Protein chains: 4
Amino acid sequence: MAGSTLGTLFKITTWGESHGKGVGVVVDGCPAGLKLCEEDIQQYLNRRKPGQSRYSTPRKEDDSVEILSGIFEGRTTGTPISMVVFNKNQRSKDYSEIAQYYRPGHADLTYDLKYGFRDYRGGGRSSGRETIGRVAAGAIACKILDQLNIRILAYTRSIGDITADPAHFDRSEIMENPFYMPDAEAAARAQEYLEQCMKNQDSTGGSIECVISNMPAGIGEPVFEKLSSNLGKAILSIGAVKAFEIGDGTAVSRALGHKNNDPYTLSPDGKIIKLSNHSGGILGGISDGSDILLRASVKPTPSISQEQDTITKDGRAVQVVVKGRHDPVIVPRAVVVVESMAAITLVDMLLCSITSNMDNLERFFQR
Amino acid sequence: MAGSTLGTLFKITTWGESHGKGVGVVVDGCPAGLKLCEEDIQQYLNRRKPGQSRYSTPRKEDDSVEILSGIFEGRTTGTPISMVVFNKNQRSKDYSEIAQYYRPGHADLTYDLKYGFRDYRGGGRSSGRETIGRVAAGAIACKILDQLNIRILAYTRSIGDITADPAHFDRSEIMENPFYMPDAEAAARAQEYLEQCMKNQDSTGGSIECVISNMPAGIGEPVFEKLSSNLGKAILSIGAVKAFEIGDGTAVSRALGHKNNDPYTLSPDGKIIKLSNHSGGILGGISDGSDILLRASVKPTPSISQEQDTITKDGRAVQVVVKGRHDPVIVPRAVVVVESMAAITLVDMLLCSITSNMDNLERFFQR
Amino acid sequence: MAGSTLGTLFKITTWGESHGKGVGVVVDGCPAGLKLCEEDIQQYLNRRKPGQSRYSTPRKEDDSVEILSGIFEGRTTGTPISMVVFNKNQRSKDYSEIAQYYRPGHADLTYDLKYGFRDYRGGGRSSGRETIGRVAAGAIACKILDQLNIRILAYTRSIGDITADPAHFDRSEIMENPFYMPDAEAAARAQEYLEQCMKNQDSTGGSIECVISNMPAGIGEPVFEKLSSNLGKAILSIGAVKAFEIGDGTAVSRALGHKNNDPYTLSPDGKIIKLSNHSGGILGGISDGSDILLRASVKPTPSISQEQDTITKDGRAVQVVVKGRHDPVIVPRAVVVVESMAAITLVDMLLCSITSNMDNLERFFQR
Amino acid sequence: MAGSTLGTLFKITTWGESHGKGVGVVVDGCPAGLKLCEEDIQQYLNRRKPGQSRYSTPRKEDDSVEILSGIFEGRTTGTPISMVVFNKNQRSKDYSEIAQYYRPGHADLTYDLKYGFRDYRGGGRSSGRETIGRVAAGAIACKILDQLNIRILAYTRSIGDITADPAHFDRSEIMENPFYMPDAEAAARAQEYLEQCMKNQDSTGGSIECVISNMPAGIGEPVFEKLSSNLGKAILSIGAVKAFEIGDGTAVSRALGHKNNDPYTLSPDGKIIKLSNHSGGILGGISDGSDILLRASVKPTPSISQEQDTITKDGRAVQVVVKGRHDPVIVPRAVVVVESMAAITLVDMLLCSITSNMDNLERFFQR
């Protein structure tokens with residue numbers, strides 16, 4: 001089954017393996033007339049680039065993007081935008097060992113069970129490099145949102161037990177530390193914690209939060225195409241994500257109704273607003289105009305230098321050490337991926353929701 | 001946008017409002033030759049029926065299903081199975097008051113913002129009755145899974161702070177208490193807690209777990225159509241669900257790599273199995289053959305008899321009490337909905353995954 | 001595979017068999033606020049009703065439609081519109097004979113080969129009654145088009161060798177003869193011809209034309225979602241249709257470029273218009289603002305009272321006569337089906353095409 | 001709206017403009033384990049390459065394909081296959097003139113009306129070069145069909161009034177003349193006719209036929225996903241195609257039932273076969289096991305060197321001559337495109353149809 005395409009009107013199709021010729025994406029359904037250049041994309045890719053700090057793999061990749069189609073005289077033409085990042089680092093390594101056994105926590109075994117064999121070089125299609133296509137597409141989605149004055153922001157909420165303190169939330173701090181945390185003090189503690197993880201040849205998980213503000217109301221559909229369920233699908237499709245929460249998330253299971261309901265009031269300019277936002281900006285699957293808040297829980301990097309039990313392709317029990325230097329935590333580089341997937345979903349649902357009533361339609365086609 | 005259809009090869013389309021003529025579903029893509037009768041469906045619907053205990057609304061609905069198409073001589077024909085539950089209770093009540101204001105925690109406001117007006121009777125399309133279609137379809141999906149020897153089981157994991165103790169997990173207990181909890185002692189405490197909620201004119205949240213066992217490996221696709229992301233979308237599309245977790249879920253954010261990775265070993269009969277199952281049966285989006293474990297967090301019933309602040313349609317701030325008797329907790333009746341949505345997703349992905357390699361294909365078409 | 005759903009934003013799902021409990025359709029994605037009642041639907045259904053003249057089957061069916069959801073206070077709510085026509089005539093007949101052999105020209109054999117068995121009563125799902133759902137949905141699509149001032153008109157172009165003369169095209173004549181021909185003289189000749197067919201226990205084919213006028217430009221997408229290819233799919237999905245033509249259709253294969261190209265000129269009010277319309281209103285898959293013209297070729301009714309060679313389920317060669325009275329021609333009752341499928345496709349593509357450029361989008365979301 | 005993706009399980013996404021950096025396609029859902037190399041693709045691309053005879057444009061393009069992903073050790077991995085043909089000829093020409101007016105018969109005007117502007121260089125996205133992606137994907141589909149012993153063959157049926165004589169059908173002749181006609185004598189007459197067209201600075205239309213043999217029965221779905229309607233959509237999405245016919249096509253409108261029905265008989269080895277094939281191998285939308293026969297009518301090349309009336313972007317009436325050398329007929333180069341689109345559709349529907357009954361499913365999942 002084809003599984004690398006996402007979206008209804010704004011549709012992305014990613015392709016590529018870690019050690020093939022390159023990775024890329026085709027973005028189809030982007031409205032015509034959007035100003036777009038490679039630098040717009042590159043900025044987003046740089047946020048997920050390896051080798052930025054000692055807490056991410058030192059693989060030296062430029063990850064420089066090329067736009068192959070869909071742009072003319074600096075603007076999108078409405079036709080598919082094909083983007084590629086050629087792999088420059090793919091020859092060198094010897095993968096004969098990794099080909100022989102199944103790394104715990106990776107997709108090695110499931111690919112073999114599904115397909116009969118796999119491209120084992122650097123994880124093949126299940127490598128983190130697969131997210132390059134997502135981020136390149138996300139950069140375009142973010143630019144559309146920006147044009148519509150919708151703001152999206154993702155950041156690291158926690159690494160292991162260290163959580164950014166909402167009371168000290170500082171937006172400007174996010175780009176100032178290697179973890180994209182909105183709290184300098186938490187970032188400092190995260191740094192110590194990660195040093196310890198590395199010393200122990202271990203890795204850790206964490207969580208990412210994403211806030212969308214100035215959101216128009218009425219986006220999302222009842223029943224299956226809820227804004228929340230589509231955001232959930234998009235975020236849960238990111239490799240290491242094991243949980244998705246909207247608004248108060250898992251905490252609602254312990255909440256009382258009189259607290260969890262968000263009461264309505266009138267804003268000074270007469271609009272209906274909510275006095276709290278436990279719902280995370282979505283009611284009945286449809287945006288209510290307040291901020292959308294979502295959260296992703298990311299598992300620890302599966303590649304660790306400790307010895308682990310596994311089985312070889314030919315059925316022998318062995319103990320293995322996954323060689324190479326590994327990120328002790330996936331979270332910081334995944335922040336821009338979460339932002340991208342949320343933006344892609346929002347743009348698609350914005351486009352789909354325009355036609356929900358006849359007034360809109362008639363206004364549109366009155367000629 | 002059409003939002004009431006879900007699935008690729010096994011496709012369901014639900015319709016209906018709380019106080020319209022009825023609610024229903026069309027199940028398309030069900031393989032031919034499955035034995036199926038109305039009683040198969042009714043059993044599942046009975047599990048979500050109101051009025052079963054004093055912890056659920058006393059609305060007297062038979063909710064009796066009629067199959068209108070797709071069955072011939074007791075077996076599915078491969079063509080769409082249309083099912084309907086006619087509403088019998090829809091005339092009586094006076095909805096003139098509820099029509100005037102927006103109930104906190106409900107979709108009243110967002111429907112009006114999206115569509116310009118709404119069917120306010122009993123919540124219209126956003127009513128819990130919308131899940132009848134899901135459960136009727138789920139009954140079919142469960143029967144297919146059963147035929148393939150795949151077992152699916154959902155139950156209440158927690159109500160408020162009271163959590164079923166995994167150490168005392170007792171499958172046979174699930175159908176013995178009104179909360180579908182697998183732990184009699186926890187169920188007893190939940191009962192006391194709910195009495196208190198009702199006394200306080202309040203409601204509470206909870207969580208539901210679902211386990212799929214004897215799962216074939218290789219189901220699900222890399223990238224966007226991961227088994228986990230599609231399960232997530234399906235579960236998050238259920239009205240009151242605010243979080244979805246697979247395997248260890250949010251706990252992975254605090255885990256260490258050497259603990260979170262599931263080591264492989266050989267089973268006595270020489271199959272590769274995992275020594276633990278933190279991943280919840282899915283690696284790289286593809287089933288690994290071990291149990292799939294997922295969890296949904298459900299918010300408290302938004303309808304409560306306490307006074308709440310809100311705004312009327314014509315813009316006045318008012319305090320309202322949502323009249324009628326309300327379930328103090330949604331969870332017990334949602335258990336079968338979670339099971340249904342998981343089963344529907346599994347069947348669809350089973351059908352889609354068959355064609356993943358040429359060996360399968362050639363075996364199939366060798367004539 | 002699910003095959004009974006069509007459309008992206010305006011989505012229809014049909015269900016039902018000739019001799020099951022009923023046939024129906026769920027229309028999802030209809031914009032909210034459209035005035036709609038059962039009478040709007042019934043008018044369209046009456047145009048395909050059997051027993052209207054001696055050239056159609058005398059089956060006495062009221063085919064009266066019930067709307068089960070999606071309407072509130074006389075207007076569409078934006079949620080799925082479920083419609084059903086209960087079968088009233090389904091018990092009586094003896095189908096034991098037809099169950100034993102494969103009728104030439106019908107889908108009996110292919111259903112058995114695909115599904116292992118079939119609902120043989122009256123053709124089951126492959127019966128002409130399946131089009132009731134299409135027409136009910138088409139009635140809604142036509143009402144939307146009407147609201148947008150887009151006009152759609154289908155009629156019988158030819159029956160056998162008798163073709164309505166374009167030079168004598170008379171719109172008002174269409175509803176005046178039992179064949180929906182826009183030419184009284186051709187209709188009279190068709191009548192004679194059909195009498196002869198019936199005398200010979202034979203049937204005949206014909207063709208249907210559909211014109212859409214006052215069409216907005218810019219509808220349809222390049223490449224696969226061309227307006228022409230989606231119209232083609234929709235029309236070719238009607239049971240007996242074996243050819244689809246747009247504009248000059250098959251005649252282009254014999255045309256010269258200097259004649260086939262439509263030159264542009266300016267209309268008196270300064271709009272760019274075409275001096276001819278060989279292209280049928282579509283260039284590069286996108287509507288150009290001139291009339292859309294399409295044509296369907298319909299095969300002769302396969303049920304005939306002549307003796308035919310066939311094979312029984314258990315493999316014996318036999319000669320059979322398909323009992324009962326049969327329409328000598330499918331075309332007249334298929335006219336409204338062609339109109340419906342064209343309208344459904346147009347509405348879906350109108351909704352999908354709104355978001356093709358940023359100007360539209362910004363205008364829409366400027367708040 | 002995204003319009004460049006086609007297919008359900010076997011999904012292709014094309015991208016690229018005539019004079020951008022390149023054109024390409026992503027093929028997703030190709031089963032793993034198929035032997036595939038660039039040479040397999042190149043062979044198909046060479047069949048549509050320009051400059052092969054004096055009846056096609058002399059543009060010197062190698063059109064050499066690169067596979068960027070989805071292949072490992074010479075076999076498909078089951079993940080997306082990304083293919084690109086870089087444009088080598090795109091800089092040179094001056095397009096300032098063509099930018100100013102709308103060429104009759106081209107998509108210039110409709111792109112401007114839809115998107116607000118267009119990439120006018122060489123037709124941009126609406127150029128015939130867009131078919132390169134289709135043919136590259138088609139080469140893979142054809143290889144899958146071949147592996148399943150299904151044979152597909154397309155050829156030129158007619159050019160202008162000159163039609164290959166079915167009585168002289170000679171398969172081996174197809175690759176022997178520049179028109180891919182299965183009849184040497186007709187090809188010779190076509191050559192003379194085209195010389196005349198060129199002398200007159202004119203172009204001509206033609207038709208293409210495609211036959212699929214050794215087809216398994218049971219492929220295709222009732223109602224909307226009929227094999228015939230999906231083949232129709234695929235073929236009608238090819239730029240210049242204005243009509244699609246299956247089996248006897250438009251001729252059925254003049255046929256009598258007793259002739260049009262294909263009687264059944266038993267083959268010497270006891271299989272049910274048809275004595276004729278007016279239906280073109282499809283009954284009720286489902287393949288019946290006999291040859292599938294389809295036909296496409298292709299309009300004359302719109303670019304001609306004669307003077308034509310048109311309008312400029314700024315609204316002036318002008319007479320224009322489309323400069324450059326143009327193919328006097330599109331048909332020969334479109335033969336492989338028709339074959340490709342048919343093959344792509346067949347493979348998708350083969351994959352989708354496997355799961356139509358429980359026997360298939362249980363056989364599959366019995367472990």
# chains A, B, ... in the order shown; residues from 1 in each chain; ligands from 1
>>> interface_residues(of="chain C", to="chain A", cutoff="8 Å", atoms="only C-alpha atoms", output="NGL selection string")
:C and (8-9 or 29-34 or 78-79 or 147-148 or 216 or 222 or 351-352 or 354-359 or 362 or 364-366)
>>> select_by_dssp(residues="stretch 207-353 of chain C", states="strand (DSSP E)", output="ChimeraX atom specification")
/C:207-213,241-246,264-266,272-274,282-283,286-287,292-298,308-311,317-320
>>> write_last_selection(atoms="N, CA and C atoms", output="compact mmCIF listing (two decimals), in the first residue's frame")
# COMPACT_ATOMS: atom_id res chain seq x y z
N SER C 207 -27.68 7.15 -27.27
CA SER C 207 -26.70 8.04 -26.65
C SER C 207 -27.37 9.21 -25.97
N ILE C 208 -26.67 9.74 -24.97
CA ILE C 208 -27.20 10.83 -24.15
C ILE C 208 -26.20 11.98 -24.18
N GLU C 209 -26.72 13.19 -24.27
CA GLU C 209 -25.85 14.36 -24.28
C GLU C 209 -26.16 15.20 -23.05
N CYS C 210 -25.17 15.90 -22.56
CA CYS C 210 -25.37 16.77 -21.40
C CYS C 210 -24.62 18.08 -21.63
N VAL C 211 -25.31 19.19 -21.41
CA VAL C 211 -24.72 20.52 -21.61
C VAL C 211 -24.76 21.28 -20.29
N ILE C 212 -23.63 21.85 -19.91
CA ILE C 212 -23.59 22.69 -18.71
C ILE C 212 -23.26 24.11 -19.16
N SER C 213 -24.16 25.03 -18.86
CA SER C 213 -23.92 26.41 -19.32
C SER C 213 -23.80 27.37 -18.14
N VAL C 241 -22.97 2.31 -19.76
CA VAL C 241 -22.23 3.27 -20.59
C VAL C 241 -20.91 2.66 -21.07
N LYS C 242 -20.68 2.69 -22.37
CA LYS C 242 -19.47 2.09 -22.95
C LYS C 242 -18.56 3.10 -23.61
N ALA C 243 -18.97 4.37 -23.67
CA ALA C 243 -18.09 5.39 -24.25
C ALA C 243 -18.44 6.74 -23.66
N PHE C 244 -17.41 7.56 -23.53
CA PHE C 244 -17.58 8.92 -23.02
C PHE C 244 -16.84 9.86 -23.95
N GLU C 245 -17.53 10.94 -24.32
CA GLU C 245 -16.91 11.94 -25.20
C GLU C 245 -17.06 13.33 -24.61
N ILE C 246 -16.06 14.15 -24.79
CA ILE C 246 -16.14 15.54 -24.37
C ILE C 246 -15.94 16.40 -25.62
N TYR C 264 -9.90 32.59 -30.20
CA TYR C 264 -10.43 33.51 -29.19
C TYR C 264 -10.83 34.84 -29.82
N THR C 265 -11.82 35.46 -29.21
CA THR C 265 -12.16 36.83 -29.57
C THR C 265 -12.66 37.53 -28.31
N LEU C 266 -13.03 38.80 -28.45
CA LEU C 266 -13.56 39.52 -27.29
C LEU C 266 -15.07 39.63 -27.40
N ILE C 272 -12.88 37.50 -22.75
CA ILE C 272 -12.32 36.62 -23.78
C ILE C 272 -13.27 35.45 -23.99
N ILE C 273 -13.75 35.29 -25.21
CA ILE C 273 -14.62 34.14 -25.49
C ILE C 273 -14.08 33.39 -26.71
N LYS C 274 -14.64 32.18 -26.91
CA LYS C 274 -14.20 31.36 -28.02
C LYS C 274 -15.20 31.48 -29.18
N ILE C 282 -13.55 22.77 -22.07
CA ILE C 282 -12.45 22.38 -21.18
C ILE C 282 -11.13 22.40 -21.94
N LEU C 283 -10.14 23.09 -21.42
CA LEU C 283 -8.81 23.13 -22.02
C LEU C 283 -7.78 22.79 -20.95
N ILE C 286 -9.23 22.12 -17.50
CA ILE C 286 -9.80 23.22 -16.71
C ILE C 286 -10.89 23.90 -17.52
N SER C 287 -12.01 24.23 -16.89
CA SER C 287 -13.11 24.88 -17.60
C SER C 287 -12.67 26.24 -18.11
N ILE C 292 -19.94 23.40 -21.29
CA ILE C 292 -19.34 22.06 -21.26
C ILE C 292 -20.31 21.12 -21.95
N LEU C 293 -19.77 20.31 -22.85
CA LEU C 293 -20.60 19.39 -23.60
C LEU C 293 -20.03 17.99 -23.50
N LEU C 294 -20.83 17.05 -23.04
CA LEU C 294 -20.35 15.67 -22.94
C LEU C 294 -21.41 14.71 -23.47
N ARG C 295 -20.96 13.50 -23.78
CA ARG C 295 -21.84 12.52 -24.41
C ARG C 295 -21.53 11.12 -23.89
N ALA C 296 -22.58 10.33 -23.67
CA ALA C 296 -22.42 8.95 -23.22
C ALA C 296 -23.09 8.01 -24.20
N SER C 297 -22.42 6.90 -24.53
CA SER C 297 -23.02 5.88 -25.38
C SER C 297 -23.48 4.72 -24.51
N VAL C 298 -24.74 4.36 -24.68
CA VAL C 298 -25.38 3.38 -23.80
C VAL C 298 -25.69 2.11 -24.59
N GLN C 308 -30.91 -17.23 -25.89
CA GLN C 308 -29.48 -16.96 -25.93
C GLN C 308 -28.70 -18.15 -25.37
N ASP C 309 -27.46 -18.30 -25.85
CA ASP C 309 -26.58 -19.37 -25.34
C ASP C 309 -25.91 -18.93 -24.06
N THR C 310 -25.92 -19.81 -23.09
CA THR C 310 -25.15 -19.51 -21.88
C THR C 310 -24.79 -20.81 -21.15
N ILE C 311 -24.23 -20.63 -19.96
CA ILE C 311 -23.72 -21.76 -19.16
C ILE C 311 -24.36 -21.68 -17.78
N ALA C 317 -24.01 -26.24 -20.79
CA ALA C 317 -24.42 -25.31 -21.83
C ALA C 317 -25.93 -25.38 -22.00
N VAL C 318 -26.58 -24.22 -21.94
CA VAL C 318 -28.04 -24.20 -22.09
C VAL C 318 -28.45 -23.02 -22.97
N GLN C 319 -29.72 -23.06 -23.41
CA GLN C 319 -30.28 -21.91 -24.08
C GLN C 319 -31.34 -21.30 -23.18
N VAL C 320 -31.27 -19.99 -22.99
CA VAL C 320 -32.19 -19.37 -22.04
C VAL C 320 -32.94 -18.20 -22.67
>>> atom_distance(atom1="atom CA of A:Leu231", atom2="atom CA of C:Ile12")
25.1 Å
>>> atom_distance(atom1="atom CA of B:Val26", atom2="atom CA of B:Met83")
6.3 Å
>>> residues_around(residues="C:Ala136", least_positions_apart="6", cutoff="10 Å", atoms="only C-alpha atoms", output="list in words")
Thr14, Gly24, Val25, Val26, Val27, Glu38, Asp40, Ile41, Gln42, Gln43, Tyr44, Leu45, Val65, Ile67, Ser82, Met83, Val84, Val85, Val337 and Ser340 of chain C
>>> write_last_selection(atoms="N, CA, C and O atoms", output="compact mmCIF listing (two decimals), in the first residue's frame")
# COMPACT_ATOMS: atom_id res chain seq x y z
N THR C 14 -23.38 5.22 -2.15
CA THR C 14 -24.67 4.56 -2.41
C THR C 14 -24.65 3.14 -1.87
O THR C 14 -23.61 2.55 -1.66
N GLY C 24 -30.27 3.38 -1.27
CA GLY C 24 -30.11 4.70 -0.70
C GLY C 24 -28.75 5.30 -0.96
O GLY C 24 -27.91 4.74 -1.69
N VAL C 25 -28.55 6.46 -0.36
CA VAL C 25 -27.31 7.19 -0.56
C VAL C 25 -27.07 8.07 0.65
O VAL C 25 -28.01 8.54 1.28
N VAL C 26 -25.80 8.25 0.99
CA VAL C 26 -25.42 9.26 1.97
C VAL C 26 -24.62 10.33 1.21
O VAL C 26 -23.64 10.02 0.55
N VAL C 27 -25.09 11.57 1.29
CA VAL C 27 -24.39 12.69 0.66
C VAL C 27 -23.67 13.47 1.76
O VAL C 27 -24.31 14.03 2.65
N GLU C 38 -37.90 16.82 0.61
CA GLU C 38 -38.02 15.55 -0.11
C GLU C 38 -38.58 15.74 -1.52
O GLU C 38 -38.22 15.01 -2.44
N ASP C 40 -37.89 18.07 -3.58
CA ASP C 40 -36.77 18.39 -4.48
C ASP C 40 -36.13 17.12 -5.04
O ASP C 40 -35.70 17.08 -6.19
N ILE C 41 -36.02 16.13 -4.17
CA ILE C 41 -35.40 14.86 -4.58
C ILE C 41 -36.37 14.06 -5.44
O ILE C 41 -35.99 13.48 -6.46
N GLN C 42 -37.62 14.03 -4.99
CA GLN C 42 -38.61 13.19 -5.65
C GLN C 42 -38.75 13.53 -7.13
O GLN C 42 -38.88 12.63 -7.98
N GLN C 43 -38.73 14.81 -7.43
CA GLN C 43 -38.83 15.25 -8.84
C GLN C 43 -37.79 14.58 -9.73
O GLN C 43 -38.07 14.21 -10.86
N TYR C 44 -36.58 14.47 -9.21
CA TYR C 44 -35.53 13.83 -10.00
C TYR C 44 -35.77 12.33 -10.11
O TYR C 44 -35.59 11.74 -11.17
N LEU C 45 -36.15 11.74 -8.99
CA LEU C 45 -36.38 10.28 -9.00
C LEU C 45 -37.51 9.92 -9.97
O LEU C 45 -37.44 8.89 -10.64
N VAL C 65 -38.88 8.78 -1.83
CA VAL C 65 -37.67 8.99 -1.06
C VAL C 65 -37.99 9.51 0.33
O VAL C 65 -38.94 10.26 0.54
N ILE C 67 -35.85 11.42 3.52
CA ILE C 67 -34.59 12.01 4.00
C ILE C 67 -34.48 11.69 5.49
O ILE C 67 -35.37 12.02 6.27
N SER C 82 -28.70 11.52 4.62
CA SER C 82 -28.97 10.12 4.31
C SER C 82 -30.36 10.01 3.70
O SER C 82 -31.33 10.53 4.26
N MET C 83 -30.44 9.36 2.56
CA MET C 83 -31.73 9.23 1.87
C MET C 83 -31.97 7.77 1.54
O MET C 83 -31.04 7.05 1.18
N VAL C 84 -33.23 7.36 1.64
CA VAL C 84 -33.54 5.97 1.37
C VAL C 84 -34.83 5.87 0.55
O VAL C 84 -35.76 6.68 0.71
N VAL C 85 -34.86 4.90 -0.35
CA VAL C 85 -36.10 4.50 -1.02
C VAL C 85 -36.31 3.03 -0.65
O VAL C 85 -35.50 2.18 -1.03
N VAL C 337 -29.81 10.09 -14.92
CA VAL C 337 -28.63 9.54 -14.23
C VAL C 337 -27.37 10.23 -14.74
O VAL C 337 -26.49 10.60 -13.96
N SER C 340 -27.30 13.63 -13.31
CA SER C 340 -26.94 13.56 -11.89
C SER C 340 -25.44 13.37 -11.69
O SER C 340 -24.81 14.06 -10.89
>>> select_by_dssp(residues="stretch 33-173 of chain C", states="helix (DSSP H, G or I)", output="PyMOL selection string")
chain C and resi 38-48+98-100+108-115+121-126+128-147+166-168+171-173
